[in-house]
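Trainee: Got a structure for you, my_file_12.cif, holding mmCIF, C-alpha atoms.
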data_my_file
#
loop_
_atom_site.label_atom_id
_atom_site.label_comp_id
_atom_site.auth_asym_id
_atom_site.auth_seq_id
_atom_site.Cartn_x
_atom_site.Cartn_y
_atom_site.Cartn_z
CA MET K 107 -23.00 -14.29 0.58
CA SER K 108 -22.70 -17.58 2.43
CA THR K 109 -25.28 -19.53 4.37
CA ILE K 110 -23.83 -19.92 7.86
CA ALA K 111 -25.19 -22.21 10.54
CA PHE K 112 -24.22 -20.83 13.95
CA ILE K 113 -24.49 -23.36 16.79
CA GLY K 114 -24.38 -21.79 20.26
CA LEU K 115 -25.90 -18.35 20.77
CA GLY K 116 -24.72 -17.46 24.25
CA ILE K 117 -22.81 -14.44 25.56
CA MET K 118 -20.21 -14.73 22.79
CA GLY K 119 -22.03 -16.57 20.04
CA SER K 120 -25.07 -14.32 19.82
CA PRO K 121 -23.26 -11.06 18.93
CA MET K 122 -20.90 -12.94 16.60
CA ALA K 123 -23.85 -14.42 14.70
CA VAL K 124 -25.46 -10.98 14.49
CA HIS K 125 -22.24 -9.47 13.05
CA LEU K 126 -22.13 -12.18 10.39
CA GLN K 127 -25.76 -11.47 9.48
CA HIS K 128 -25.02 -7.74 9.24
CA ALA K 129 -22.04 -8.55 7.00
CA GLY K 130 -24.47 -9.88 4.40
CA HIS K 131 -24.52 -13.58 5.16
CA ASP K 132 -27.62 -15.70 5.68
CA VAL K 133 -27.22 -16.91 9.25
CA VAL K 134 -29.28 -19.75 10.71
CA GLY K 135 -28.82 -20.05 14.46
CA TYR K 136 -29.46 -22.86 16.91
CA ASN K 137 -29.30 -22.82 20.69
CA ARG K 138 -30.66 -25.31 23.21
CA THR K 139 -32.46 -22.36 24.84
CA PRO K 140 -34.56 -21.12 21.91
CA ASP K 141 -35.02 -17.53 23.10
CA LYS K 142 -31.26 -16.99 22.77
CA ALA K 143 -31.88 -16.79 19.01
CA GLU K 144 -34.01 -13.65 19.34
CA PRO K 145 -31.19 -11.09 18.69
CA LEU K 146 -30.19 -12.96 15.52
CA VAL K 147 -33.78 -13.11 14.29
CA ALA K 148 -34.20 -9.38 15.04
CA ALA K 149 -31.11 -8.74 12.88
CA GLY K 150 -32.66 -10.61 9.95
CA GLY K 151 -31.32 -14.09 10.59
CA ARG K 152 -33.25 -17.28 11.15
CA ALA K 153 -33.70 -19.69 14.06
CA ALA K 154 -33.57 -23.46 13.67
CA ALA K 155 -35.17 -26.05 15.94
CA SER K 156 -32.21 -28.44 15.82
CA VAL K 157 -28.57 -28.73 14.82
CA ALA K 158 -29.60 -30.87 11.84
CA GLU K 159 -32.04 -28.25 10.59
CA ALA K 160 -29.50 -25.44 11.03
CA VAL K 161 -26.68 -27.12 9.11
CA ARG K 162 -28.60 -28.87 6.32
CA ASP K 163 -28.03 -26.19 3.66
CA ALA K 164 -25.04 -24.42 5.21
CA ASP K 165 -21.83 -23.50 3.43
CA VAL K 166 -20.15 -22.88 6.79
CA VAL K 167 -20.93 -24.25 10.24
CA ALA K 168 -19.74 -22.11 13.15
CA ILE K 169 -19.70 -23.58 16.65
CA MET K 170 -19.48 -21.69 19.95
CA VAL K 171 -20.29 -24.00 22.85
CA PRO K 172 -18.75 -24.36 26.32
CA ASP K 173 -16.51 -27.45 26.41
CA SER K 174 -14.96 -30.41 24.60
CA PRO K 175 -17.89 -32.83 25.15
CA ASP K 176 -20.31 -30.19 23.82
CA VAL K 177 -18.33 -29.76 20.60
CA ALA K 178 -18.02 -33.52 20.18
CA GLU K 179 -21.78 -33.93 20.60
CA VAL K 180 -22.59 -31.13 18.14
CA LEU K 181 -20.29 -32.69 15.55
CA THR K 182 -20.60 -36.45 15.98
CA SER K 183 -24.06 -37.22 17.38
CA ASP K 184 -26.56 -39.06 15.18
CA ALA K 185 -28.23 -35.75 14.24
CA GLY K 186 -25.04 -33.71 14.46
CA VAL K 187 -23.06 -31.71 11.94
CA LEU K 188 -21.14 -34.56 10.33
CA ALA K 189 -24.32 -36.58 9.85
CA SER K 190 -26.51 -33.71 8.64
CA ALA K 191 -24.38 -31.18 6.73
CA ARG K 192 -23.14 -31.57 3.17
CA PRO K 193 -19.62 -32.97 2.67
CA GLY K 194 -17.29 -30.13 1.73
CA THR K 195 -18.85 -27.80 4.30
CA LEU K 196 -16.35 -25.74 6.26
CA VAL K 197 -16.63 -26.26 10.03
CA VAL K 198 -15.24 -23.43 12.19
CA ASP K 199 -15.07 -24.18 15.90
CA PHE K 200 -14.85 -20.93 17.87
CA SER K 201 -15.11 -22.81 21.19
CA SER K 202 -12.22 -23.20 23.62
CA ILE K 203 -11.55 -26.90 24.07
CA ARG K 204 -8.70 -29.38 24.53
CA PRO K 205 -6.12 -29.37 21.71
CA ASP K 206 -6.01 -33.18 21.57
CA VAL K 207 -9.79 -33.36 21.22
CA THR K 208 -9.62 -30.80 18.43
CA VAL K 209 -7.02 -32.87 16.55
CA ASP K 210 -9.21 -35.97 16.81
CA LEU K 211 -12.36 -34.13 15.71
CA ALA K 212 -10.55 -32.47 12.81
CA ARG K 213 -9.26 -35.85 11.66
CA GLU K 214 -12.75 -37.38 11.82
CA ALA K 215 -14.29 -34.41 10.00
CA THR K 216 -11.65 -34.57 7.27
CA GLU K 217 -12.10 -38.32 6.83
CA ARG K 218 -15.82 -37.72 6.32
CA GLY K 219 -15.25 -35.08 3.66
CA PHE K 220 -15.46 -31.86 5.68
CA ARG K 221 -13.01 -28.98 6.10
CA TYR K 222 -12.19 -27.98 9.68
CA LEU K 223 -10.68 -25.00 11.50
CA ASP K 224 -10.24 -24.52 15.23
CA ALA K 225 -10.60 -20.79 15.86
CA PRO K 226 -10.92 -19.97 19.58
CA VAL K 227 -11.33 -16.31 20.41
CA SER K 228 -10.21 -13.87 23.07
CA GLY K 229 -11.75 -10.54 24.02
CA GLY K 230 -14.76 -11.54 26.07
CA GLU K 231 -18.25 -10.17 25.73
CA ALA K 232 -17.00 -6.68 24.88
CA GLY K 233 -14.84 -8.01 22.06
CA ALA K 234 -17.72 -10.07 20.68
CA LYS K 235 -20.13 -7.13 20.78
CA ASN K 236 -17.62 -4.77 19.15
CA ALA K 237 -16.39 -7.27 16.52
CA ALA K 238 -12.93 -6.80 18.03
CA LEU K 239 -12.03 -10.35 18.99
CA SER K 240 -8.57 -11.82 18.72
CA ILE K 241 -8.89 -15.09 16.77
CA MET K 242 -6.18 -17.76 16.77
CA VAL K 243 -6.76 -20.25 13.97
CA GLY K 244 -5.54 -23.80 13.49
CA GLY K 245 -5.97 -25.77 10.26
CA THR K 246 -4.75 -25.60 6.68
CA ALA K 247 -3.67 -22.32 5.12
CA GLU K 248 -6.18 -22.88 2.30
CA ASP K 249 -9.15 -23.25 4.66
CA PHE K 250 -7.97 -20.27 6.68
CA ALA K 251 -7.85 -18.12 3.54
CA SER K 252 -11.36 -19.21 2.53
CA ALA K 253 -12.71 -18.21 5.96
CA ARG K 254 -10.84 -14.92 6.31
CA GLU K 255 -13.86 -12.78 5.37
CA LEU K 256 -15.92 -14.45 8.11
CA PHE K 257 -13.20 -13.92 10.70
CA ASP K 258 -12.86 -10.26 9.74
CA ALA K 259 -16.59 -9.77 10.37
CA VAL K 260 -16.23 -10.75 14.04
CA GLY K 261 -12.59 -10.09 14.89
CA LYS K 262 -9.88 -7.46 14.83
CA THR K 263 -6.71 -9.56 15.20
CA VAL K 264 -6.89 -12.74 13.12
CA VAL K 265 -3.84 -15.00 12.84
CA HIS K 266 -3.27 -18.47 11.39
CA VAL K 267 -1.08 -20.12 14.03
CA GLY K 268 -0.52 -23.59 12.56
CA PRO K 269 -2.16 -26.96 11.87
CA SER K 270 -5.25 -28.36 13.59
CA GLY K 271 -5.09 -27.96 17.37
CA SER K 272 -2.71 -25.00 17.22
CA GLY K 273 -5.50 -22.49 17.78
CA GLN K 274 -6.55 -24.29 20.94
CA THR K 275 -2.96 -24.48 22.18
CA VAL K 276 -2.51 -20.72 21.73
CA LYS K 277 -5.87 -20.11 23.43
CA ALA K 278 -4.73 -22.14 26.46
CA ALA K 279 -1.66 -19.89 26.71
CA ASN K 280 -3.92 -16.85 26.39
CA GLN K 281 -6.10 -18.03 29.25
CA LEU K 282 -3.06 -18.61 31.43
CA ILE K 283 -1.86 -15.04 30.87
CA VAL K 284 -5.31 -13.53 31.44
CA ALA K 285 -5.87 -15.46 34.65
CA GLY K 286 -2.46 -14.41 35.95
CA HIS K 287 -3.20 -10.77 35.18
CA ILE K 288 -6.58 -10.97 36.94
CA ALA K 289 -5.08 -12.54 40.06
CA LEU K 290 -2.30 -9.94 40.28
CA LEU K 291 -4.71 -7.08 39.60
CA ALA K 292 -6.92 -8.34 42.43
CA GLU K 293 -3.91 -8.48 44.77
CA ALA K 294 -2.94 -4.93 43.78
CA VAL K 295 -6.46 -3.60 44.46
CA VAL K 296 -6.60 -5.30 47.87
CA PHE K 297 -3.16 -3.86 48.65
CA LEU K 298 -4.12 -0.34 47.58
CA GLU K 299 -7.37 -0.41 49.52
CA ALA K 300 -5.58 -1.64 52.64
CA TYR K 301 -3.49 1.54 52.58
CA GLY K 302 -6.45 3.84 51.90
CA VAL K 303 -5.12 4.94 48.53
CA ASP K 304 -7.46 6.60 46.01
CA THR K 305 -7.82 3.41 44.01
CA ARG K 306 -9.35 4.98 40.91
CA ALA K 307 -6.46 7.43 40.67
CA ALA K 308 -4.02 4.59 41.28
CA ILE K 309 -5.54 2.46 38.52
CA GLU K 310 -5.37 5.41 36.12
CA VAL K 311 -1.66 5.94 36.63
CA LEU K 312 -0.86 2.22 36.66
CA GLY K 313 -2.71 1.84 33.37
CA GLY K 314 -0.47 4.44 31.77
CA GLY K 315 2.74 2.63 32.61
CA LEU K 316 4.27 -0.80 32.08
CA ALA K 317 1.64 -2.32 34.38
CA GLY K 318 -1.06 -1.32 31.91
CA SER K 319 -2.92 -4.10 30.13
CA ALA K 320 -6.24 -4.96 28.51
CA VAL K 321 -7.10 -6.84 31.70
CA LEU K 322 -6.48 -3.76 33.83
CA ASN K 323 -8.49 -1.59 31.43
CA GLN K 324 -11.48 -3.92 31.35
CA LYS K 325 -11.51 -5.53 34.80
CA ALA K 326 -10.23 -3.00 37.35
CA ALA K 327 -13.50 -1.05 37.34
CA LYS K 328 -15.43 -4.25 38.05
CA MET K 329 -13.23 -4.96 41.06
CA LEU K 330 -13.49 -1.41 42.42
CA ALA K 331 -17.28 -1.44 42.05
CA ARG K 332 -17.63 -5.08 43.20
CA GLU K 333 -19.82 -5.69 40.14
CA PHE K 334 -19.13 -9.02 38.53
CA ASP K 335 -21.89 -9.59 35.97
CA PRO K 336 -20.43 -12.22 33.64
CA GLY K 337 -18.66 -11.32 30.45
CA PHE K 338 -16.62 -14.52 30.83
CA ARG K 339 -17.55 -16.79 33.71
CA ILE K 340 -15.25 -18.23 36.35
CA ASP K 341 -16.67 -21.67 35.45
CA LEU K 342 -15.31 -21.33 31.92
CA HIS K 343 -11.93 -19.96 32.98
CA HIS K 344 -11.62 -22.84 35.45
CA LYS K 345 -12.24 -25.21 32.53
CA ASP K 346 -9.66 -23.44 30.36
CA LEU K 347 -6.99 -23.54 33.06
CA GLY K 348 -7.64 -27.26 33.37
CA ILE K 349 -6.95 -27.54 29.64
CA PHE K 350 -3.68 -25.66 30.10
CA THR K 351 -2.43 -27.63 33.11
CA THR K 352 -3.24 -30.97 31.47
CA ALA K 353 -1.59 -30.01 28.19
CA ALA K 354 1.46 -28.63 30.01
CA ARG K 355 1.88 -31.84 31.97
CA GLU K 356 1.66 -33.93 28.80
CA GLN K 357 4.60 -32.01 27.32
CA GLY K 358 6.62 -31.89 30.55
CA VAL K 359 6.21 -28.11 30.83
CA ILE K 360 6.60 -26.80 34.39
CA ALA K 361 4.20 -23.94 35.13
CA PRO K 362 4.29 -23.10 38.86
CA VAL K 363 2.48 -19.77 38.52
CA GLY K 364 -0.10 -21.34 36.23
CA ALA K 365 -0.73 -24.12 38.73
CA LEU K 366 -1.28 -21.59 41.52
CA VAL K 367 -3.67 -19.47 39.48
CA ALA K 368 -5.57 -22.61 38.45
CA GLN K 369 -6.02 -23.47 42.14
CA LEU K 370 -7.21 -19.95 42.94
CA MET K 371 -9.79 -20.15 40.15
CA ALA K 372 -10.85 -23.58 41.40
CA SER K 373 -11.25 -22.11 44.88
CA ALA K 374 -13.52 -19.37 43.56
CA ARG K 375 -15.65 -21.97 41.81
CA ALA K 376 -15.79 -24.15 44.93
CA ALA K 377 -17.02 -21.11 46.86
CA GLY K 378 -20.07 -20.99 44.60
CA GLU K 379 -18.84 -18.10 42.46
CA GLY K 380 -18.56 -19.94 39.16
CA SER K 381 -21.31 -17.88 37.53
CA LEU K 382 -19.49 -14.58 38.19
CA ASP K 383 -17.25 -12.82 35.70
CA HIS K 384 -13.68 -14.11 36.03
CA SER K 385 -12.73 -10.76 37.57
CA GLY K 386 -14.79 -12.05 40.52
CA LEU K 387 -11.60 -13.93 41.45
CA PHE K 388 -11.13 -10.71 43.45
CA HIS K 389 -13.39 -12.22 46.15
CA THR K 390 -11.00 -15.16 46.64
CA ILE K 391 -7.96 -12.89 46.85
CA ALA K 392 -9.69 -10.52 49.29
CA ARG K 393 -10.77 -13.43 51.53
CA LEU K 394 -7.18 -14.62 51.80
CA SER K 395 -6.34 -11.27 53.41
CA GLY K 396 -9.42 -11.36 55.64
CA ARG K 397 -10.93 -8.38 53.83
CA GLU K 398 -14.25 -10.02 52.93
#
Please re-express this file's structure in structure tokens.

Mentor:
Amino acid sequence: MSTIAFIGLGIMGSPMAVHLQHAGHDVVGYNRTPDKAEPLVAAGGRAAASVAEAVRDADVVAIMVPDSPDVAEVLTSDAGVLASARPGTLVVDFSSIRPDVTVDLAREATERGFRYLDAPVSGGEAGAKNAALSIMVGGTAEDFASARELFDAVGKTVVHVGPSGSGQTVKAANQLIVAGHIALLAEAVVFLEAYGVDTRAAIEVLGGGLAGSAVLNQKAAKMLAREFDPGFRIDLHHKDLGIFTTAAREQGVIAPVGALVAQLMASARAAGEGSLDHSGLFHTIARLSGRE
């Protein structure tokens, strides 16, 4: 059994922390909104009043916060992880942030005596609740092996993809593919509805063929019902597509479809829909056809 400090108990972090507690670990959670720790406490875990308190006696520090500046603050602030945890502690960043920031943070953590893995996840709220996340891990093979039991408690597909920053690079590619699928699924639904097709029947048969995908399985029903309670918010996907487009430009990679999808997601956010599930991109697609 390990003592795990889990920083960030939101839509994804809360069920992940609960799974780790159920797996037999002693999990101490911290979130800026204290009541977000209630599910972990109900599962037998503990709540801390600060990052410093959470990490003080931890063997592993897990982080799941929204963006690069948030991770940097959690790690490097005066009362952050690197100042408050014991050297030798393994830091696992489940957040989705910029690969270059991850490389810099991993270097600083290593220089200060910590071990560091970037381990962004895919699967959304459903994957977190069902412990079925896909986890792409960057860092050393030795640190990956030492954390494998933790990853298996929250994920279904766990792969070491290379050195520090590699997990974040793969996650950026993942977010590109997911956003493209969502945009095309939205176009297909608008098209089907325009012709008066039985859309539920259409989605069923499309899902059984080459057009089938996890995105279609999880997001089509939301579009048909126009119910976009967030499992993964447009705000966050907008951020992730910004990571992709910036990283692609730095390597001279041309991504015309990615650029278009990034602009569509930005449009949805500009329309005040950033708090919706990313399948809410449907609204933007429907407006382009004058159907909303």

Trainee: If we count only C-alpha atoms, what is near Gln127 of chain K at a cut-off of 10 Å, once residues fewer than 5 positions away on the same chain are taken out, given as a count of residues only?

Mentor: 16

Trainee: Once the PyMOL selection byres ((chain K and resi 352) around 12) has been applied to the shown file, what residues remain in the selection, as a list in words?

Mentor: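 So the PyMOL selection byres ((chain K and resi 352) around 12) ends up selecting Ile203, Arg204, Pro205, Asp206, Thr275, Ala278, Lys345, Asp346, Leu347, Gly348, Ile349, Phe350, Thr351, Ala353, Ala354, Arg355, Glu356, Gln357, Gly358, Val359, Ile360, Ala361, Gly364, Ala365 and Ala368 of chain K.
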
Trainee: Pick out the residues sitting within 8 Å of Ser381 of chain K, and hand them over as a ChimeraX atom specification; count all atoms listed in the file, and ignore anything fewer than 5 positions along from it in its own chain.

Mentor: /K:336,339-341

Trainee: Around (-5.7, -9.6, 45.9), as given in the file, which residues come within 6 Å? Count only C-alpha atoms and list them as a ChimeraX atom specification.

Mentor: /K:292-294,296,391-392

Trainee: Restricting the output to C-alpha atoms, write the selected residues as a PDB file, in the frame of the given file.

Mentor:
ATOM      1  CA  ALA K 292      -6.920  -8.340  42.430  1.00  0.00           C
ATOM      2  CA  GLU K 293      -3.910  -8.480  44.770  1.00  0.00           C
ATOM      3  CA  ALA K 294      -2.940  -4.930  43.780  1.00  0.00           C
ATOM      4  CA  VAL K 296      -6.600  -5.300  47.870  1.00  0.00           C
ATOM      5  CA  ILE K 391      -7.960 -12.890  46.850  1.00  0.00           C
ATOM      6  CA  ALA K 392      -9.690 -10.520  49.290  1.00  0.00           C
TER       7      ALA K 392
END

Trainee: Show me, as a list of chain:residue names, the residues that have an atom within 12 Å of Gly186 of chain K when counting all atoms listed in the file, minus same-chain residues fewer than 2 positions from it.

Mentor: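 In the requested format, the answer is K:Ile113, K:Tyr136, K:Ser156, K:Val157, K:Ala158, K:Glu159, K:Ala160, K:Val161, K:Arg162, K:Val167, K:Ile169, K:Asp176, K:Val177, K:Ala178, K:Glu179, K:Val180, K:Leu181, K:Thr182, K:Ser183, K:Asp184, K:Leu188, K:Ala189, K:Ser190, K:Ala191, K:Arg192, K:Ala215.
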
Trainee: List the residues matched by the PyMOL selection byres ((chain K and resi 326) around 9) in the displayed structure as a ChimeraX atom specification, ordered by chain and then by residue number.

Mentor: /K:288,291-292,295,306,309,321-325,327-331,385

Trainee: Excluding Thr216 of chain K and any residue of its chain fewer than 5 positions from it, enumerate the residues within 12 Å of it, using all atoms listed in the file, and give them as a list in words.

Mentor: Leu188, Pro193, Gly194, Thr195, Leu196, Val197, Thr208, Val209, Asp210, Leu211, Arg221, Tyr222, Leu223, Gly245, Thr246, Asp249 and Ser270 of chain K

Trainee: Any chance you could export the current selection's C-alpha atoms as a compact mmCIF listing (two decimals), in the frame of the given file?

Mentor:
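Writing the result to out.txt gives the following:
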# COMPACT_ATOMS: atom_id res chain seq x y z
CA LEU K 188 -21.14 -34.56 10.33
CA PRO K 193 -19.62 -32.97 2.67
CA GLY K 194 -17.29 -30.13 1.73
CA THR K 195 -18.85 -27.80 4.30
CA LEU K 196 -16.35 -25.74 6.26
CA VAL K 197 -16.63 -26.26 10.03
CA THR K 208 -9.62 -30.80 18.43
CA VAL K 209 -7.02 -32.87 16.55
CA ASP K 210 -9.21 -35.97 16.81
CA LEU K 211 -12.36 -34.13 15.71
CA ARG K 221 -13.01 -28.98 6.10
CA TYR K 222 -12.19 -27.98 9.68
CA LEU K 223 -10.68 -25.00 11.50
CA GLY K 245 -5.97 -25.77 10.26
CA THR K 246 -4.75 -25.60 6.68
CA ASP K 249 -9.15 -23.25 4.66
CA SER K 270 -5.25 -28.36 13.59

Trainee: Record the distance separating atom CA of Leu256 of chain K and atom CA of Ala237 of chain K, expressed in Å with one decimal.

Mentor: 11.1 Å

Trainee: When you draw a straight line from atom CA of Arg332 of chain K to atom CA of Asp304 of chain K, how long is it in Å?

Mentor: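 Between atom CA of Arg332 of chain K and atom CA of Asp304 of chain K the gap is 15.7 Å.
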
Trainee: Report, as lines of an AutoDock Vina configuration file, the centre and edge lengths in Å (one decimal) of the axis-aligned box enclosing every listed atom of segment 280-298 of chain K, padded by 8 Å on each side.

Mentor:
center_x = -4.4
center_y = -9.5
center_z = 37.5
size_x = 21.1
size_y = 34.3
size_z = 38.3

Trainee: Name every residue that the PyMOL selection byres ((chain K and resi 384) around 10) selects in this structure, writing the answer as an MDAnalysis selection string with chains first and numbers rising.

Mentor: chainID K and resid 284:285 288:289 325 334:344 371 374:375 379:383 385:388

Trainee: Skipping near chain neighbours, those fewer than 4 positions away, what residues fall within 10 Å of Ala247 of chain K using all atoms listed in the file, listed as a PDB file with C-alpha atoms, keeping the file's coordinate frame?

Mentor:
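So part.pdb came out as:
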ATOM      1  CA  LEU K 223     -10.680 -25.000  11.500  1.00  0.00           C
ATOM      2  CA  VAL K 243      -6.760 -20.250  13.970  1.00  0.00           C
ATOM      3  CA  ALA K 251      -7.850 -18.120   3.540  1.00  0.00           C
ATOM      4  CA  SER K 252     -11.360 -19.210   2.530  1.00  0.00           C
ATOM      5  CA  ALA K 253     -12.710 -18.210   5.960  1.00  0.00           C
ATOM      6  CA  HIS K 266      -3.270 -18.470  11.390  1.00  0.00           C
ATOM      7  CA  VAL K 267      -1.080 -20.120  14.030  1.00  0.00           C
ATOM      8  CA  GLY K 268      -0.520 -23.590  12.560  1.00  0.00           C
ATOM      9  CA  PRO K 269      -2.160 -26.960  11.870  1.00  0.00           C
TER      10      PRO K 269
END

Trainee: So the first atom is atom CA of Asp258 of chain K and the second is atom CA of Gln281 of chain K; what is the distance between them in Å, to one decimal place?

Mentor: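 Going from atom CA of Asp258 of chain K over to atom CA of Gln281 of chain K, I get 22.1 Å.
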